[in-house]
Structure formats: structure tokens, C-alpha cells
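Asker: Before anything else, here's the structure in question.
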Amino acid sequence: MAGGFHVDGVRHYEGNVTTFVLITCFVAAMGGLLFGYDLGITGGVTSMEPFLIKFFPGVHKQMKDKSESKNQYCKFDNELLTLFTSSLYLAALVASFFASTTTRKLGRKSSMLIGGLFFLVGSLLNGFAMNIEMLIIGRMFLGIGVGFCNQSVPVYLSEVAPAKIRGALNIGFQMMITIGILVANLINYGTSKHENGWRISLGIAVVPAILLCIGSLCVVETPNSLIERGKFEKAKKMLKKIRGTEKIDEEYQDIVDASDLAKNVEHPWKNITRPKYKPQLTFCIFIPAFQQLTGINVIMFYAPVLFQILGFGNDASLMSAVITGVVNVVATLVSIFTVDKFGRRVLLLEGGVQMFICQVIVGTMIGLRFGLNGQGAFSKVEANILLFFICAYVAAFAWSWGPLGWLVPSEICSLEIRPAGQAINVATNMLFTFAIAQVFLTMLCHLKFGLFFFFAGFVVIMTIFIASFLPETKNVPIEEMNILWTSHWFWKKIVPNDIDIKSKNSKSVV
């Protein structure tokens with residue numbers, strides 16, 4: 001028995017969900033802790049007065065100046081302050097292209113280790129920063145680490161996980177991101193009263209960096225990567241180990257065939273632009289772009305700053321950020337338990353509708369209270385209602401576009417285009433993250449409450465995009481994914497109909 005069977009034209013491999021795989025995926029997913037911790041720590045630190053006094057005295061003066069601060073929308077508008085946040089994502093964008101080559105030639109493990117080491121150095125530089133230059137350089141080191149981890153971890157998880165729970169295990173990466181954000185918010189709340197609390201907040205990032213470095217040395221390499229680098233016997237043993245069965249011949253052969261096809265590709269970056277890969281290229285660009293255009297990082301980067309602008313006060317703003325962090329973690333758990341049951345499309349479509357409703361309500365509330373001149377304040381009841389809808393918005397993102405923005409691009413690319421596809425995915429994500437981080441406070445100053453309607457408009461567009469163009473990918477093995485495009489109403493007009501004939505004509509093996 002070769003170890004495979006067919007359902008609805010798609011091959012399914014035999015194998016068990018082993019404890020070994022669960023532990024391996026948990027360790028690898030710790031790469032998400034780095035990204036999440038940084039997302040959460042930044043907004044809290046930039047709302048701490050000692051930090052602003054040392055590095056951004058102009059912002060601190062503007063924040064305290066009663067005459068200027070009447071316009072709450074423009075309270076933190078400062079390009080250097082936003083550069084502190086966004087420089088990381090610019091570095092991650094550049095690093096993702098180098099990480100693509102490293103992930104392919106040295107393996108997924110090596111790429112994760114390199115990411116952890118860069119993040120470790122960046123954390124130390126930030127924790128001991130004496131001037132703005134040291135702070136920005138540290139941020140760029142952190143960005144290189146994020147670029148390598150975001151390139152390698154989702155691919156690693158997709159390759160190791162069995163198809164039937166690939167969604168849940170891959171979302172482990174997003175789960176770690178949300179835990180990182182929550183931990184960062186709690187640490188910010190605890191350190192905000194200390195003179196050098198910002199140093200503690202920034203410096204503690206060494207902990208997830210060390211955990212990832214150790215973890216990357218302990219996890220196994222994926223069979224796909226071993227075969228890609230010519231280690232066939234080792235790959236076969238590893239595939240048997242992670243699947244918990246001897247019946248891996250068919251899956252093994254499919255990975256070998258995909259690797260042979262990949263080796264015949266002389267120019268992987270040019271290859272991904274071919275008609276047969278147009279769907280993958282489209283989703284690797286549009287999904288990460290749309291993920292950021294939900295406006296989620298407005299909340300994640302700047303939650304404490306945003307809540308201060310809306311009149312919550314320093315302690316209340318940090319606690320509100322903690323509350324949204326808890327909601328983020330719990331809602332991601334919802335995604336883990338539902339993504340392989342209901343599928344990717346259902347979660348993305350429901351999340352889009354819920355986010356749109358919440359953004360319209362939040363924008364309307366802010367508009368009614370602050371108007372165009374930015375003068376006003378929320379009552380306690382109004383502030384709690386606002387926080388509720390922001391939490392509902394965060395929840396919708398956390399069980400839809402948050403995890404699936406990383407899962408879908410990592411699972412739809414066949415081996416010959418996987419490194420290039422994931423590099424494009426990460427680079428696009430970081431480009432839009434950088435752009436939004438850099439211009440958000442300025443946009444808030446000029447668009448005012450209209451900024452929430454701006455992002456709500458994009459949520460409508462992305463929901464229609466998913467409804468029209470994304471086929472359901474749950475339970476489909478990665479190397480069988482190409483079959484989906486030739487049966488989709490739109491993509492079959494673009495993708496050559498002879499694609500993956502091998503998969504379609506393969507005998508059923510029981």
C-alpha cells in the first residue's frame with residue numbers, strides 16, 4: 001500500500017497527528033512571539049513620558065501644550081516618532097528577499113535561527129539605547145529578524161503539518177503573535193510608572209529571541225527542505241516520523257516530483273509570473289496588502305496612543321490595550337478550532353462583514369464626539385461602548401484576516417515557487433505595514449474620524465475579492481493545491497488546463 005487515497009479529485013495522504021508534530025510546530029511557531037511582542041510593545045513605549053522626553057522632546061512638549069493639544073487628532077503627529085515604529089518593517093521588507101534564498105539553500109531551521117539572532121542583537125541595542133540613532137539601528141536589526149522569521153515559520157508549519165489540521169497548526173504562528181502582543185501590553189502596563197520602564201519593555205524582547213534561537217536548534221528540518229537539498233534518505237525517515245506511519249511512499253514521491261520540478265526552474269522569480277502561477281502570485285500580493293489595509297495595525301501599534309488621543313488617560317489607555325490584547329488571543333483560538341472545520345472562506349467573509357460594521361460604528365462615534373476640530377471627550381459609558389466595538393473589530397480580525405493572511409499564501413504555493421511566493425508575501429506585508437505605520441498619525445491628523453471609514457472601504461473591497469476569487473483550500477495537500485485553480489470559474493480561464501495532469505490521472509491507492 002502506497003499510502004494515499006482520492007476524494008473529489010484531490011489526493012489525501014495517510015498519517016496520524018503525532019505528538020512529535022504538535023511539539024515541533026509549537027516550538028517553530030515561537031517565531032511569531034518576536035513579531036507580536038514588537039507590535040505590542042511599540043505603542044506602549046511611545047506613550048511613556050520618560051521615553052518621549054529622552055528621544056522625542058518635541059512630541060512631549062506638544063502633548064503637554066494645552067493650546068496645541070486641543071486638537072486631539074494631531075497630538076502625536078511626528079514623522080520621527082513614526083519612523084521609530086516603521087523602520088522595523090522597512091528592514092523586514094528588504095530582509096525577506098535575502099531570507100528567501102537562505103530558506104531555500106540552507107533550510108527553514110537556519111532561517112529561523114538567523115532571525116532569532118538578529119532579533120536578539122536588536123533587542124539589546126534598544127534596551128541600552130542612548131540616542132535616537134542607536135534606537136533606529138536596533139529597530140532595523142529587529143526588522144531583519146522579523147523578515148527571516150516571517151519568511152520561514154509559516155512555510156515550515158505548512159510543510160510539517162498534516163493537511164487535515166494544517167490550518168490549525170499554521171495558525172499557531174498567529175497565536176504566538178497575539179500572545180506576544182498581550183505579553184507586551186501587560187509589561188507596558190507594569191513598567192509605565194518606572195523612570196526607565198521603557199528600557200525594560202524594549203529589553204525583555206531578548207527573551208522570545210533566545211527562546212526562538214534555542215527552539216530552532218531543537219526542531220527537525222522539513223522533509224520538503226531535505227529533499228530540496230538532496231538529502232533523500234533523511235527526508236524519508238523524517239516523513240515517517242512526523243506522519244507516524246510507514247505508509248508515506250505516495251506523499252514522499254509527490255514531494256520528490258515537486259522538488260525535481262523546482263530544480264528545473266532556473267529563474268524562480270521569473271517563473272512565478274508565468275500564467276500557471278498567476279493565482280498564487282495574485283494572492284501572495286493582495287492578501288498581505290489587504291491584511292494591513294484592514295487597519296488592524298492602527299490598533300496594534302498605536303492602541304495606547306490612540307486611546308490617549310480619545311481621552312482615556314495614560315493608565316486607562318494602557319489597560320484598554322491589554323483588554324484588546326486578551327480579545328486578540330481568545331479570538332485566535334476560535335480560528336484554530338474552526339479553520340479546518342468551516343474552511344478559510346467562511347472565516348474571511350464573516351470577519352470582513354464584522355470588521356466593516358465595527359469600523360463604521362467607531363468612526364461615527366468619534367466623529368459625533370470630536371467632530372472636525374478634534375475637540376471633545378468621551379463620557380465613561382461612551383468610552384466603554386467604543387472599547388467594546390474596537391474589541392469586536394479586533395476579534396473579527398483575529399479569527400479571519402489575522403491568521404489566514406499568513407496561512408493562505410503559505411499553503412497555496414507549490415515547492416518550485418514557494419520561497420519566491422513567501423518572500424513576495426512577507427515583502428508586501430512589510431511594505432504596507434511600513435507605509436501605514438509611517439503615515440497613520442499624519443492621516444489621523446488630516447482625515448480625522450474619516451480614517452476609520454477609509455479602512456472600512458478597503459474591508460468591503462477585500463471581502464468581495466475573497467468571495468469572487470479564492471477557492472476553498474481546507475484539507476487539500478500542499479503539493480495537490482494546483483488542482484483547485486483549473487476547476488475555479490475565473491482561474492481556469494488563465495491557468496493552462498494541462499496543469500498537474502499527474503495529480504488528476506494518478507491511480508487511487510487504498
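A note on labels: chains of the C-alpha cells are A, B, ... as shown, every chain counts residues from 1, and ligands are counted from 1 in their shown order.
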Need to verify the contact set: region 199-213 of chain A, 8 Å, only C-alpha atoms, exclusion of same-chain residues closer than 2 positions in sequence. Can you return it as a PyMOL selection string?

Answerer: chain A and resi 27-28+30-31+33-34+37-38+41+45+112-113+116-117+119-120+123-124+126-128+184+187-188+191+196-197+215-217

Asker: Find the residue from A:Ser225, A:Glu49, A:Tyr277, A:Gly143 that sits nearest to His194 (chain A); use only C-alpha atoms when measuring.

Answerer: A:Glu49

Asker: Check region 72-242 of chain A with DSSP on the backbone and list each residue it calls alpha helix (DSSP H), as a PyMOL selection string.

Answerer: chain A and resi 79-105+108-127+132-160+166-191+197-203+206-218+223-228+232-242

Asker: Please provide as a VMD selection string all residues within 7 Å of Thr294 (chain A), with the sequence filter that same-chain residues fewer than 2 positions apart are discarded (counting only C-alpha atoms).

Answerer: chain A and resid 290 to 292 296 455 458 to 459

Asker: When you count only C-alpha atoms, which of these residues is closest to Ala168 (chain A): A:Asn78, A:Thr463, A:Asn475, A:Asn224?

Answerer: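 Answer, going by the shortest atom-to-atom distance: A:Asn475.
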